[in-house]
Each structure stands twice: as structure tokens, then as C-alpha cells.
$ cat entry_36.cif   # mmCIF, C-alpha atoms
data_input
loop_
_atom_site.group_PDB
_atom_site.id
_atom_site.type_symbol
_atom_site.label_atom_id
_atom_site.label_comp_id
_atom_site.auth_asym_id
_atom_site.auth_seq_id
_atom_site.Cartn_x
_atom_site.Cartn_y
_atom_site.Cartn_z
ATOM 1 C CA MET A 404 16.842 23.692 8.787
ATOM 2 C CA PRO A 405 15.505 20.352 7.527
ATOM 3 C CA LYS A 406 13.915 20.118 4.080
ATOM 4 C CA ALA A 407 10.441 18.851 3.233
ATOM 5 C CA ILE A 408 7.967 18.634 0.359
ATOM 6 C CA ARG A 409 5.082 21.006 1.097
ATOM 7 C CA VAL A 410 1.749 21.508 -0.665
ATOM 8 C CA HIS A 411 0.393 25.082 -0.426
ATOM 9 C CA GLN A 412 -2.539 24.533 -2.823
ATOM 10 C CA TYR A 413 -4.036 21.253 -4.039
ATOM 11 C CA GLY A 414 -3.075 20.403 -7.608
ATOM 12 C CA GLY A 415 -0.807 18.403 -9.888
ATOM 13 C CA PRO A 416 2.805 17.353 -9.232
ATOM 14 C CA GLU A 417 3.871 20.997 -9.654
ATOM 15 C CA ALA A 418 1.978 21.764 -6.414
ATOM 16 C CA MET A 419 4.786 20.123 -4.426
ATOM 17 C CA VAL A 420 7.401 22.581 -3.173
ATOM 18 C CA TYR A 421 10.794 21.491 -1.790
ATOM 19 C CA GLU A 422 11.534 23.944 1.017
ATOM 20 C CA ASP A 423 13.004 24.495 4.471
ATOM 21 C CA ILE A 424 10.847 23.782 7.506
ATOM 22 C CA PRO A 425 11.507 24.416 11.196
ATOM 23 C CA THR A 426 12.931 21.420 13.048
ATOM 24 C CA PRO A 427 9.834 19.637 14.384
ATOM 25 C CA GLU A 428 9.693 19.020 18.136
ATOM 26 C CA PRO A 429 7.975 15.920 19.532
ATOM 27 C CA GLY A 430 5.093 16.462 21.927
ATOM 28 C CA PRO A 431 3.820 14.028 24.572
ATOM 29 C CA GLY A 432 3.647 10.492 23.193
ATOM 30 C CA GLN A 433 5.667 11.387 20.114
ATOM 31 C CA ILE A 434 9.168 10.823 18.761
ATOM 32 C CA ARG A 435 11.231 12.670 16.179
ATOM 33 C CA VAL A 436 12.816 10.492 13.514
ATOM 34 C CA ARG A 437 15.755 11.363 11.265
ATOM 35 C CA GLN A 438 14.512 9.590 8.164
ATOM 36 C CA THR A 439 16.736 7.383 6.034
ATOM 37 C CA ALA A 440 14.044 6.190 3.595
ATOM 38 C CA ILE A 441 10.576 7.418 2.609
ATOM 39 C CA GLY A 442 7.824 5.257 1.120
ATOM 40 C CA VAL A 443 5.713 6.541 -1.776
ATOM 41 C CA ASN A 444 2.080 5.468 -2.173
ATOM 42 C CA PHE A 445 -0.900 6.193 -4.382
ATOM 43 C CA ILE A 446 -2.714 7.699 -1.402
ATOM 44 C CA ASP A 447 -0.135 10.528 -1.507
ATOM 45 C CA ILE A 448 -1.511 11.548 -4.912
ATOM 46 C CA TYR A 449 -5.042 11.648 -3.500
ATOM 47 C CA PHE A 450 -3.875 14.066 -0.779
ATOM 48 C CA ARG A 451 -1.792 16.219 -3.140
ATOM 49 C CA SER A 452 -4.681 16.595 -5.601
ATOM 50 C CA GLY A 453 -7.264 17.302 -2.899
ATOM 51 C CA ALA A 454 -9.275 14.104 -3.527
ATOM 52 C CA TYR A 455 -8.505 13.489 0.150
ATOM 53 C CA LYS A 456 -8.250 16.613 2.285
ATOM 54 C CA ALA A 457 -5.384 17.414 4.650
ATOM 55 C CA ALA A 458 -6.169 18.916 8.055
ATOM 56 C CA SER A 459 -4.982 22.310 6.796
ATOM 57 C CA LEU A 460 -2.903 24.031 4.113
ATOM 58 C CA PRO A 461 0.029 24.106 3.654
ATOM 59 C CA PHE A 462 0.947 20.541 4.617
ATOM 60 C CA THR A 463 3.713 18.012 4.144
ATOM 61 C CA LEU A 464 2.835 14.906 2.145
ATOM 62 C CA GLY A 465 3.568 11.313 3.062
ATOM 63 C CA LYS A 466 2.420 8.496 5.340
ATOM 64 C CA GLU A 467 5.296 6.021 5.362
ATOM 65 C CA GLY A 468 8.977 5.935 6.226
ATOM 66 C CA ALA A 469 11.828 4.551 8.260
ATOM 67 C CA GLY A 470 14.774 6.001 10.114
ATOM 68 C CA VAL A 471 16.483 6.533 13.434
ATOM 69 C CA VAL A 472 14.907 8.007 16.570
ATOM 70 C CA ASP A 473 16.667 11.250 17.486
ATOM 71 C CA ALA A 474 14.361 12.820 20.089
ATOM 72 C CA LEU A 475 11.687 11.633 22.525
ATOM 73 C CA GLY A 476 8.579 13.452 23.663
ATOM 74 C CA GLU A 477 7.257 13.416 27.194
ATOM 75 C CA GLY A 478 6.068 10.043 28.472
ATOM 76 C CA VAL A 479 7.695 7.929 25.751
ATOM 77 C CA THR A 480 9.118 4.761 27.292
ATOM 78 C CA ASP A 481 8.905 2.136 24.519
ATOM 79 C CA PHE A 482 11.518 3.756 22.259
ATOM 80 C CA ARG A 483 15.094 4.995 22.689
ATOM 81 C CA VAL A 484 17.217 7.527 20.816
ATOM 82 C CA GLY A 485 19.231 5.682 18.175
ATOM 83 C CA GLU A 486 16.714 2.866 17.571
ATOM 84 C CA ARG A 487 15.577 1.977 14.042
ATOM 85 C CA VAL A 488 11.839 2.421 13.487
ATOM 86 C CA ALA A 489 9.233 2.429 10.718
ATOM 87 C CA TYR A 490 5.607 3.564 10.317
ATOM 88 C CA ALA A 491 2.745 3.418 7.830
ATOM 89 C CA GLY A 492 0.273 5.939 9.237
ATOM 90 C CA ALA A 493 2.418 8.974 10.002
ATOM 91 C CA VAL A 494 1.690 12.502 8.771
ATOM 92 C CA GLY A 495 4.234 14.409 6.701
ATOM 93 C CA THR A 496 6.933 11.862 5.870
ATOM 94 C CA TYR A 497 8.129 13.629 2.704
ATOM 95 C CA ALA A 498 10.728 15.281 4.923
ATOM 96 C CA GLU A 499 14.219 14.847 6.313
ATOM 97 C CA GLU A 500 12.850 14.819 9.856
ATOM 98 C CA VAL A 501 9.366 13.851 10.991
ATOM 99 C CA VAL A 502 7.475 13.740 14.284
ATOM 100 C CA VAL A 503 5.408 10.584 14.703
ATOM 101 C CA ASP A 504 2.923 9.406 17.348
ATOM 102 C CA VAL A 505 4.460 6.333 18.966
ATOM 103 C CA LYS A 506 1.168 4.445 18.700
ATOM 104 C CA GLY A 507 1.851 4.108 14.964
ATOM 105 C CA VAL A 508 5.553 3.209 15.166
ATOM 106 C CA VAL A 509 7.171 -0.229 15.153
ATOM 107 C CA HIS A 510 10.730 -1.356 15.867
ATOM 108 C CA VAL A 511 12.511 -2.638 12.760
ATOM 109 C CA PRO A 512 14.191 -6.052 13.123
ATOM 110 C CA ASP A 513 17.906 -6.313 12.293
ATOM 111 C CA ALA A 514 17.072 -8.621 9.352
ATOM 112 C CA VAL A 515 15.090 -5.865 7.574
ATOM 113 C CA PRO A 516 17.013 -2.906 6.014
ATOM 114 C CA ASP A 517 15.624 0.640 6.382
ATOM 115 C CA GLU A 518 14.867 0.925 2.658
ATOM 116 C CA THR A 519 12.882 -2.308 2.740
ATOM 117 C CA ALA A 520 10.990 -1.202 5.857
ATOM 118 C CA ALA A 521 10.059 2.137 4.264
ATOM 119 C CA ALA A 522 8.945 0.390 1.086
ATOM 120 C CA MET A 523 6.807 -2.233 2.760
ATOM 121 C CA MET A 524 5.008 -0.825 5.764
ATOM 122 C CA LEU A 525 1.905 0.582 4.075
ATOM 123 C CA LYS A 526 1.831 -1.835 1.138
ATOM 124 C CA GLY A 527 2.855 -4.859 3.223
ATOM 125 C CA LEU A 528 0.368 -4.181 6.013
ATOM 126 C CA THR A 529 -2.302 -3.677 3.335
ATOM 127 C CA ALA A 530 -1.428 -7.067 1.825
ATOM 128 C CA HIS A 531 -1.578 -8.521 5.348
ATOM 129 C CA TYR A 532 -5.089 -7.333 6.188
ATOM 130 C CA LEU A 533 -6.403 -8.304 2.754
ATOM 131 C CA LEU A 534 -5.038 -11.856 2.801
ATOM 132 C CA ARG A 535 -5.310 -12.603 6.525
ATOM 133 C CA LEU A 536 -8.281 -10.550 7.760
ATOM 134 C CA THR A 537 -10.610 -9.316 4.972
ATOM 135 C CA TYR A 538 -10.752 -12.766 3.399
ATOM 136 C CA ARG A 539 -8.463 -15.341 5.005
ATOM 137 C CA VAL A 540 -6.799 -17.114 2.094
ATOM 138 C CA GLN A 541 -6.690 -20.918 2.357
ATOM 139 C CA PRO A 542 -4.220 -23.271 0.625
ATOM 140 C CA SER A 543 -6.994 -24.682 -1.594
ATOM 141 C CA ASP A 544 -8.145 -21.245 -2.830
ATOM 142 C CA THR A 545 -7.767 -19.741 -6.275
ATOM 143 C CA ILE A 546 -7.811 -15.944 -5.906
ATOM 144 C CA LEU A 547 -7.865 -12.950 -8.251
ATOM 145 C CA PHE A 548 -5.636 -9.951 -7.578
ATOM 146 C CA HIS A 549 -5.945 -6.904 -9.836
ATOM 147 C CA ALA A 550 -2.842 -4.812 -10.630
ATOM 148 C CA ALA A 551 -0.677 -7.759 -9.668
ATOM 149 C CA ALA A 552 2.518 -5.916 -10.680
ATOM 150 C CA GLY A 553 1.760 -2.882 -8.493
ATOM 151 C CA GLY A 554 3.232 -2.119 -5.101
ATOM 152 C CA VAL A 555 0.640 -4.029 -3.071
ATOM 153 C CA GLY A 556 0.186 -6.650 -5.783
ATOM 154 C CA LEU A 557 3.791 -7.856 -5.914
ATOM 155 C CA ILE A 558 3.801 -8.354 -2.142
ATOM 156 C CA ALA A 559 0.330 -9.901 -1.940
ATOM 157 C CA THR A 560 0.822 -12.385 -4.778
ATOM 158 C CA GLN A 561 4.025 -13.731 -3.219
ATOM 159 C CA TRP A 562 2.325 -13.979 0.160
ATOM 160 C CA ALA A 563 -0.758 -15.700 -1.254
ATOM 161 C CA LYS A 564 1.508 -18.182 -3.048
ATOM 162 C CA HIS A 565 3.363 -18.768 0.235
ATOM 163 C CA LEU A 566 -0.027 -19.548 1.836
ATOM 164 C CA GLY A 567 -0.575 -22.227 -0.817
ATOM 165 C CA ALA A 568 -3.134 -20.444 -2.996
ATOM 166 C CA THR A 569 -3.352 -20.474 -6.786
ATOM 167 C CA VAL A 570 -2.991 -16.846 -7.866
ATOM 168 C CA ILE A 571 -4.585 -15.170 -10.886
ATOM 169 C CA GLY A 572 -3.308 -11.645 -11.500
ATOM 170 C CA THR A 573 -4.328 -8.898 -13.919
ATOM 171 C CA VAL A 574 -1.795 -6.468 -15.390
ATOM 172 C CA GLY A 575 -1.706 -3.818 -18.098
ATOM 173 C CA THR A 576 1.387 -4.711 -20.154
ATOM 174 C CA PRO A 577 3.408 -7.787 -21.222
ATOM 175 C CA GLU A 578 6.368 -6.472 -19.189
ATOM 176 C CA LYS A 579 4.209 -6.329 -16.065
ATOM 177 C CA ALA A 580 2.932 -9.833 -16.865
ATOM 178 C CA GLU A 581 6.481 -11.202 -16.673
ATOM 179 C CA LEU A 582 7.042 -9.412 -13.381
ATOM 180 C CA ALA A 583 3.807 -10.787 -11.938
ATOM 181 C CA LYS A 584 4.796 -14.334 -12.912
ATOM 182 C CA GLU A 585 8.153 -13.872 -11.190
ATOM 183 C CA HIS A 586 6.322 -12.856 -7.992
ATOM 184 C CA GLY A 587 3.913 -15.744 -7.565
ATOM 185 C CA CYS A 588 1.181 -15.419 -10.198
ATOM 186 C CA ASP A 589 0.172 -18.769 -11.681
ATOM 187 C CA HIS A 590 -2.028 -17.123 -14.323
ATOM 188 C CA VAL A 591 -1.656 -13.586 -15.669
ATOM 189 C CA ILE A 592 -4.371 -11.758 -17.608
ATOM 190 C CA LEU A 593 -3.710 -8.643 -19.718
ATOM 191 C CA TYR A 594 -6.908 -6.879 -18.710
ATOM 192 C CA ARG A 595 -6.733 -4.300 -21.522
ATOM 193 C CA ASP A 596 -6.592 -7.027 -24.178
ATOM 194 C CA GLU A 597 -8.718 -9.811 -22.677
ATOM 195 C CA ASP A 598 -12.105 -10.225 -21.021
ATOM 196 C CA PHE A 599 -10.700 -10.956 -17.583
ATOM 197 C CA ALA A 600 -13.996 -12.253 -16.161
ATOM 198 C CA ALA A 601 -14.285 -14.801 -18.981
ATOM 199 C CA ARG A 602 -10.649 -15.849 -18.457
ATOM 200 C CA VAL A 603 -11.170 -16.297 -14.712
ATOM 201 C CA LYS A 604 -14.194 -18.536 -15.368
ATOM 202 C CA GLU A 605 -12.113 -20.483 -17.900
ATOM 203 C CA ILE A 606 -9.195 -20.930 -15.470
ATOM 204 C CA THR A 607 -11.513 -22.038 -12.636
ATOM 205 C CA GLY A 608 -13.596 -24.410 -14.761
ATOM 206 C CA GLY A 609 -16.617 -22.106 -14.505
ATOM 207 C CA LYS A 610 -16.636 -21.976 -10.692
ATOM 208 C CA GLY A 611 -15.204 -18.508 -10.157
ATOM 209 C CA VAL A 612 -13.014 -17.414 -7.263
ATOM 210 C CA PRO A 613 -13.898 -16.916 -3.586
ATOM 211 C CA VAL A 614 -12.305 -13.453 -3.488
ATOM 212 C CA VAL A 615 -11.329 -10.592 -5.803
ATOM 213 C CA TYR A 616 -8.859 -8.047 -4.433
ATOM 214 C CA ASP A 617 -9.317 -4.820 -6.367
ATOM 215 C CA GLY A 618 -7.193 -1.680 -5.976
ATOM 216 C CA VAL A 619 -8.040 -0.470 -9.497
ATOM 217 C CA GLY A 620 -11.651 0.630 -9.032
ATOM 218 C CA LYS A 621 -13.714 2.060 -11.870
ATOM 219 C CA ALA A 622 -11.994 0.232 -14.752
ATOM 220 C CA THR A 623 -12.527 -3.250 -13.280
ATOM 221 C CA PHE A 624 -16.057 -2.834 -11.885
ATOM 222 C CA PRO A 625 -18.598 -4.439 -12.194
ATOM 223 C CA ALA A 626 -16.740 -7.130 -14.178
ATOM 224 C CA SER A 627 -14.911 -8.125 -10.967
ATOM 225 C CA LEU A 628 -18.243 -9.361 -9.569
ATOM 226 C CA ASP A 629 -18.582 -11.755 -12.526
ATOM 227 C CA CYS A 630 -15.342 -13.455 -11.432
ATOM 228 C CA LEU A 631 -16.750 -14.493 -8.058
ATOM 229 C CA ALA A 632 -18.169 -17.814 -6.967
ATOM 230 C CA PRO A 633 -21.494 -17.684 -5.075
ATOM 231 C CA ARG A 634 -21.062 -15.937 -1.685
ATOM 232 C CA GLY A 635 -17.681 -14.639 -2.852
ATOM 233 C CA VAL A 636 -16.011 -11.514 -1.471
ATOM 234 C CA PHE A 637 -15.325 -8.386 -3.525
ATOM 235 C CA ALA A 638 -12.622 -6.498 -1.603
ATOM 236 C CA SER A 639 -12.214 -2.996 -3.025
ATOM 237 C CA PHE A 640 -9.176 -1.389 -1.402
ATOM 238 C CA GLY A 641 -8.266 1.404 -3.836
ATOM 239 C CA SER A 642 -9.304 3.316 -6.929
ATOM 240 C CA ALA A 643 -6.231 3.835 -9.130
ATOM 241 C CA SER A 644 -8.445 4.201 -12.231
ATOM 242 C CA GLY A 645 -11.054 6.351 -10.471
ATOM 243 C CA PRO A 646 -13.651 5.607 -7.796
ATOM 244 C CA ILE A 647 -16.413 3.036 -8.245
ATOM 245 C CA GLU A 648 -19.693 4.882 -8.697
ATOM 246 C CA ALA A 649 -22.749 4.214 -6.562
ATOM 247 C CA PHE A 650 -24.478 0.977 -7.526
ATOM 248 C CA ASP A 651 -27.712 -0.841 -6.710
ATOM 249 C CA ILE A 652 -26.917 -3.267 -3.890
ATOM 250 C CA GLY A 653 -29.299 -5.729 -5.551
ATOM 251 C CA ILE A 654 -26.536 -6.560 -8.048
ATOM 252 C CA LEU A 655 -24.849 -8.531 -5.244
ATOM 253 C CA ALA A 656 -27.927 -10.742 -4.935
ATOM 254 C CA ALA A 657 -28.277 -11.205 -8.667
ATOM 255 C CA LYS A 658 -24.664 -12.284 -9.080
ATOM 256 C CA GLY A 659 -24.682 -14.903 -6.336
ATOM 257 C CA SER A 660 -25.269 -13.573 -2.799
ATOM 258 C CA LEU A 661 -21.948 -11.738 -2.940
ATOM 259 C CA TYR A 662 -20.226 -9.711 -0.238
ATOM 260 C CA ALA A 663 -18.655 -6.330 -1.054
ATOM 261 C CA THR A 664 -16.358 -4.487 1.337
ATOM 262 C CA ARG A 665 -14.234 -1.334 1.258
ATOM 263 C CA PRO A 666 -11.594 -1.876 3.969
ATOM 264 C CA THR A 667 -8.800 0.545 4.875
ATOM 265 C CA LEU A 668 -5.439 -0.109 6.477
ATOM 266 C CA PHE A 669 -5.934 2.346 9.322
ATOM 267 C CA THR A 670 -8.940 0.452 10.695
ATOM 268 C CA HIS A 671 -6.716 -2.611 10.948
ATOM 269 C CA ILE A 672 -3.832 -0.923 12.805
ATOM 270 C CA ALA A 673 -5.910 1.346 15.046
ATOM 271 C CA THR A 674 -4.495 -0.074 18.286
ATOM 272 C CA ARG A 675 -0.952 -0.821 19.412
ATOM 273 C CA GLU A 676 -1.870 -4.506 19.771
ATOM 274 C CA GLN A 677 -3.225 -4.724 16.221
ATOM 275 C CA LEU A 678 -0.266 -2.878 14.718
ATOM 276 C CA ASP A 679 2.326 -4.988 16.532
ATOM 277 C CA ALA A 680 0.590 -8.258 15.680
ATOM 278 C CA ASN A 681 0.125 -7.416 11.989
ATOM 279 C CA ALA A 682 3.650 -5.988 11.622
ATOM 280 C CA ALA A 683 5.133 -9.073 13.302
ATOM 281 C CA GLU A 684 3.495 -11.328 10.688
ATOM 282 C CA LEU A 685 4.724 -9.048 7.902
ATOM 283 C CA PHE A 686 8.305 -8.894 9.199
ATOM 284 C CA GLU A 687 8.297 -12.669 9.658
ATOM 285 C CA VAL A 688 7.436 -13.475 6.017
ATOM 286 C CA VAL A 689 9.912 -10.866 4.758
ATOM 287 C CA ALA A 690 12.767 -11.884 7.065
ATOM 288 C CA SER A 691 12.240 -15.557 6.110
ATOM 289 C CA GLY A 692 12.583 -14.717 2.413
ATOM 290 C CA ALA A 693 9.072 -16.005 1.614
ATOM 291 C CA VAL A 694 8.100 -12.487 0.517
ATOM 292 C CA LYS A 695 10.646 -10.208 -1.151
ATOM 293 C CA ILE A 696 9.977 -6.469 -1.256
ATOM 294 C CA PRO A 697 10.644 -5.313 -4.816
ATOM 295 C CA ILE A 698 11.994 -1.747 -4.968
ATOM 296 C CA HIS A 699 11.991 -0.750 -8.604
ATOM 297 C CA ALA A 700 12.490 2.989 -8.361
ATOM 298 C CA ARG A 701 14.661 5.155 -6.154
ATOM 299 C CA ALA A 702 14.692 8.941 -6.106
ATOM 300 C CA LYS A 703 15.820 11.909 -4.071
ATOM 301 C CA LEU A 704 13.202 13.683 -1.971
ATOM 302 C CA ALA A 705 13.796 16.823 -4.056
ATOM 303 C CA ASP A 706 12.545 14.938 -7.142
ATOM 304 C CA ALA A 707 9.170 14.004 -5.623
ATOM 305 C CA ALA A 708 7.204 15.759 -8.397
ATOM 306 C CA GLN A 709 8.652 13.453 -11.064
ATOM 307 C CA VAL A 710 8.015 10.459 -8.802
ATOM 308 C CA HIS A 711 4.331 11.440 -8.659
ATOM 309 C CA ARG A 712 4.145 11.857 -12.456
ATOM 310 C CA ASP A 713 5.480 8.331 -12.957
ATOM 311 C CA LEU A 714 3.125 6.910 -10.333
ATOM 312 C CA ALA A 715 0.051 8.653 -11.767
ATOM 313 C CA ASP A 716 0.931 7.461 -15.295
ATOM 314 C CA ARG A 717 1.098 3.917 -13.851
ATOM 315 C CA GLN A 718 4.668 3.638 -15.153
ATOM 316 C CA THR A 719 5.863 2.112 -11.890
ATOM 317 C CA THR A 720 5.953 -1.440 -10.608
ATOM 318 C CA GLY A 721 6.658 -2.561 -7.075
ATOM 319 C CA ALA A 722 7.728 0.074 -4.576
ATOM 320 C CA THR A 723 9.297 3.503 -4.990
ATOM 321 C CA VAL A 724 11.541 4.803 -2.207
ATOM 322 C CA MET A 725 12.836 8.349 -1.781
ATOM 323 C CA THR A 726 15.884 9.287 0.274
ATOM 324 C CA PRO A 727 16.382 12.643 1.978
#

$ encode --input "entry_36.cif" --output "C-alpha cells"
Amino acid sequence: MPKAIRVHQYGGPEAMVYEDIPTPEPGPGQIRVRQTAIGVNFIDIYFRSGAYKAASLPFTLGKEGAGVVDALGEGVTDFRVGERVAYAGAVGTYAEEVVVDVKGVVHVPDAVPDETAAAMMLKGLTAHYLLRLTYRVQPSDTILFHAAAGGVGLIATQWAKHLGATVIGTVGTPEKAELAKEHGCDHVILYRDEDFAARVKEITGGKGVPVVYDGVGKATFPASLDCLAPRGVFASFGSASGPIEAFDIGILAAKGSLYATRPTLFTHIATREQLDANAAELFEVVASGAVKIPIHARAKLADAAQVHRDLADRQTTGATVMTP
């Protein structure tokens, strides 16, 4: 029987149980994948803790992975047994074998290894929609990206630099500052030690930036709004430090006719056409070498609890990949 990480009751890392599961069988429009690499993301912690609810208990964690197709469900014509695939919106990828709806699966190009594909699908497609769709970064832009040494940050800062932007990044430690500089940041702010809004105004000659990308949440709000130029965009895409509390929408007027948005990846890959188009752009910048996918931690699936402890303590940079 294949192994998986199951959650029987919401809770801390100890809530994850490594156990046998029946071999999953693909239904109509589904494939079964023998996974070779499993992506780890902050959203997994939200599901494990119960901040986000699973459809039912017990459940298998995980949204992202890559591997080889080993069974086809009824009506599947776009995929073949033996093909390499990856996905960012699956259910239950903390497992040796997973059944995935084909509408969320993409073929992996030969130039992209499985481990890279598993590490980049969710984070890379998030970077894509932020930089290309939420606010379309222009070569003349100076942008602010919070948690620039995180999984999404290290991809997005390289990509923004590739697009010609000047990139300001915030990080929590001097070690992360060095990493951010290596991955495209022109200016790095230690947000625990400095007033990042004042530094952004200083760097931009008082003008502010047209966009702030914020996956941190509570700890960087509302100061992020003070970094924006008039009619700037505050793009809140995560809440690693806790959710942003309800605020008076009038603050957006007072601070310069600002826009605030809370986009999610799954809205942007809801159709086959959207997923294929976005993934093609992502694979192109990775295959060309313009964006490198930094994998800074590797672990066995059985050690998922320790992986979650490290992620929650914000001890990680870049991507973490587990192998079955």
C-alpha cells in the first residue's frame, strides 16, 4: 500500500500521521501519478491547523507535486501513461501516489527536472499572476516585494529583474538579505530593524512605488500603504505573520487613491487555457535560465512534521521539496 501524510484532527505538526492508504483509483477526467517530488507551501500549514478547512477529516495534505502518470481515468485523452506531469492545485499530494483532475495538470518540458517542477508550480504561478496580471510590471518600475527571500519572493524578484524593474525587497535577517541580493534585489531592507516605508520613500526620492506585493500580512500592514505612489496597488497574497484585520476603506483615499486587492492563484488557473498559458510563461523563463528555482531544503515525506516546524518558524528560504 502507498504511504501518505494524513491529518485526523486539525492541530500542530504532530497532527500529521505517516500511514498506509489504499491505492487511489482515477475516476473520469482524472489520472493517477506516481510522485517523484512534492512541493511544500505555507498554505499547507493553514489546512493542517484548520485555518482553512478541508472537505472532510481525515485528509491528506498538499497541493503541489510532480511525477509520472501511471493510470488514466475514463475519457482522458491529453495524457499518456509514462508522461512527466506537474500540478499546483491538486488535493492530497503529501503521498507516494495521488489522483489529480487533468484540468489542473500540465506536461513538464524536458528542460525542467521533476524536483524543479514540484518546487515551482504553486510559487512560480503565484509569481506569474502577481507580476504579469495583478499589476503588470514595466521595465521603468521600482517595486516592493515583502519576504523577498521566501519561496515566492526568490522567484518573483528574479523575474521582476528580468522584466527590467528595480526591485526593493524586505527580509528578516542579514543572511536572507544576502540571498535576496543574489536573486535580483537592488535594495534590501531589514524590516525588523528599519522603518521600511521611510526607506522606500528614501530609495524612490519620495515618490513611492506603483505596487507592493505582500505575502506577510499583519506585520507589514498598514505601513505597506505608505510605500505606494498615488493610485498604487497593494497586492496582498498571503498572511505569513497573521491575517490583516478589517480596516476602513477610507484609508485608501487618504493615502492617495490606492487600490487594494487580495488575489489567489486558483482564480488565475481556473480554466485549462489559463493554466496552460501561465505555465508556458513560467516554464519559458525557467528553461531559459532567467529565473532559477532555489531549492534550499530537501526532506523525506515521512519527515513532514519537521518540515512544517521549520516553515512555521520562518527558518526556510526558497523552496522545500519532499520525496516519497

$ closest_residue --input "entry_36.cif" --among "A:Val570, A:Ala649, A:Val410, A:Ala491" --to "Leu460 of chain A" --atoms "only C-alpha atoms"
A:Val410

$ atom_distance --input "entry_36.cif" --atom1 "atom CA of Ala559 of chain A" --atom2 "atom CA of Phe640 of chain A"
12.8 Å

$ residues_around --input "entry_36.cif" --residues "Lys526 of chain A" --least-positions-apart "2" --cutoff "8 Å" --atoms "all atoms listed in the file" --output "count of residues only"
9

$ closest_residue --input "entry_36.cif" --among "A:Pro697, A:Pro512, A:Gly641, A:Pro429" --to "Leu685 of chain A" --atoms "only C-alpha atoms"
A:Pro512

$ resolve_selection --input "entry_36.cif" --expression "the PyMOL selection byres ((chain A and resi 504) around 12)" --output "JSON, numbers by chain"
{"A": [428, 429, 430, 431, 432, 433, 434, 435, 436, 475, 476, 477, 478, 479, 481, 482, 488, 489, 490, 491, 492, 493, 494, 495, 501, 502, 503, 505, 506, 507, 508, 509, 675]}

$ atom_distance --input "entry_36.cif" --atom1 "atom CA of Val591 of chain A" --atom2 "atom CA of Ser639 of chain A"
19.6 Å

$ closest_residue --input "entry_36.cif" --among "A:Trp562, A:Ala643, A:Gly608, A:Phe624" --to "Tyr532 of chain A" --atoms "only C-alpha atoms"
A:Trp562

$ resolve_selection --input "entry_36.cif" --expression "the PyMOL selection byres ((chain A and resi 698-710) around 7)" --output "JSON, numbers by chain"
{"A": [416, 417, 419, 421, 497, 696, 697, 711, 712, 713, 714, 720, 721, 722, 723, 724, 725, 726, 727]}

$ residues_around --input "entry_36.cif" --residues "Lys695 of chain A" --least-positions-apart "4" --cutoff "9 Å" --atoms "only C-alpha atoms" --output "list in words"
Leu557, Ile558, Gln561, His586, Val688, Val689 and Ala690 of chain A

$ closest_residue --input "entry_36.cif" --among "A:Pro625, A:Pro666, A:Gly618, A:Pro613" --to "Val540 of chain A" --atoms "all atoms listed in the file"
A:Pro613

$ resolve_selection --input "entry_36.cif" --expression "the PyMOL selection byres ((chain A and resi 552) around 6)" --output "list in words"
Ala550, Ala551, Gly553, Gly556, Leu557, Lys579, Ala583 and Thr720 of chain A

$ closest_residue --input "entry_36.cif" --among "A:Glu585, A:Asp716, A:Asp598, A:Glu518" --to "Ala469 of chain A" --atoms "only C-alpha atoms"
A:Glu518

$ atom_distance --input "entry_36.cif" --atom1 "atom CA of His510 of chain A" --atom2 "atom CA of Ala498 of chain A"
19.9 Å

$ closest_residue --input "entry_36.cif" --among "A:Ile424, A:Val472, A:Leu533, A:Ile408" --to "Arg451 of chain A" --atoms "all atoms listed in the file"
A:Ile408

$ residues_near_point --input "entry_36.cif" --point "(-2.9, -2.6, -28.1)" --cutoff "12 Å" --atoms "only C-alpha atoms" --output "compact mmCIF listing (two decimals) with C-alpha atoms, keeping the file's coordinate frame"
# COMPACT_ATOMS: atom_id res chain seq x y z
CA GLY A 575 -1.71 -3.82 -18.10
CA THR A 576 1.39 -4.71 -20.15
CA PRO A 577 3.41 -7.79 -21.22
CA LEU A 593 -3.71 -8.64 -19.72
CA TYR A 594 -6.91 -6.88 -18.71
CA ARG A 595 -6.73 -4.30 -21.52
CA ASP A 596 -6.59 -7.03 -24.18
CA GLU A 597 -8.72 -9.81 -22.68

$ axis_aligned_box --input "entry_36.cif" --around "segment 492-499 of chain A" --padding-each-side "5 Å" --output "JSON"
{"center_x": 7.2, "center_y": 10.6, "center_z": 6.4, "size_x": 23.9, "size_y": 19.3, "size_z": 17.3}

$ residues_around --input "entry_36.cif" --residues "Ala632 of chain A" --least-positions-apart "6" --cutoff "8 Å" --atoms "only C-alpha atoms" --output "PyMOL selection string"
chain A and resi 610-613+659

$ write_last_selection --input "entry_36.cif" --atoms "C-alpha atoms" --output "compact mmCIF listing (two decimals), in the coordinates of the input"
# COMPACT_ATOMS: atom_id res chain seq x y z
CA LYS A 610 -16.64 -21.98 -10.69
CA GLY A 611 -15.20 -18.51 -10.16
CA VAL A 612 -13.01 -17.41 -7.26
CA PRO A 613 -13.90 -16.92 -3.59
CA GLY A 659 -24.68 -14.90 -6.34

$ decode --input "entry_36.cif" --residues "segment 448-471 of chain A" --atoms "C-alpha atoms" --output "PDB file, in the first residue's frame"
ATOM      1  CA  ILE A 448       0.061  24.869   7.312  1.00  0.00           C
ATOM      2  CA  TYR A 449      -3.245  26.734   7.050  1.00  0.00           C
ATOM      3  CA  PHE A 450      -5.005  23.464   6.140  1.00  0.00           C
ATOM      4  CA  ARG A 451      -3.216  21.392   8.795  1.00  0.00           C
ATOM      5  CA  SER A 452      -4.071  23.889  11.549  1.00  0.00           C
ATOM      6  CA  GLY A 453      -7.691  24.294  10.448  1.00  0.00           C
ATOM      7  CA  ALA A 454      -7.320  27.974   9.459  1.00  0.00           C
ATOM      8  CA  TYR A 455      -8.514  26.676   6.086  1.00  0.00           C
ATOM      9  CA  LYS A 456     -10.914  23.744   6.250  1.00  0.00           C
ATOM     10  CA  ALA A 457     -10.553  20.514   4.279  1.00  0.00           C
ATOM     11  CA  ALA A 458     -13.650  18.950   2.720  1.00  0.00           C
ATOM     12  CA  SER A 459     -13.656  16.304   5.461  1.00  0.00           C
ATOM     13  CA  LEU A 460     -11.498  14.624   8.108  1.00  0.00           C
ATOM     14  CA  PRO A 461      -9.215  12.742   7.869  1.00  0.00           C
ATOM     15  CA  PHE A 462      -7.488  14.174   4.795  1.00  0.00           C
ATOM     16  CA  THR A 463      -4.140  14.134   3.047  1.00  0.00           C
ATOM     17  CA  LEU A 464      -2.261  17.430   2.925  1.00  0.00           C
ATOM     18  CA  GLY A 465      -0.626  19.021  -0.089  1.00  0.00           C
ATOM     19  CA  LYS A 466      -1.411  20.929  -3.280  1.00  0.00           C
ATOM     20  CA  GLU A 467       1.719  20.619  -5.402  1.00  0.00           C
ATOM     21  CA  GLY A 468       3.877  17.910  -6.921  1.00  0.00           C
ATOM     22  CA  ALA A 469       5.395  16.245  -9.939  1.00  0.00           C
ATOM     23  CA  GLY A 470       5.800  12.695 -11.144  1.00  0.00           C
ATOM     24  CA  VAL A 471       4.944  10.117 -13.761  1.00  0.00           C
TER      25      VAL A 471
END
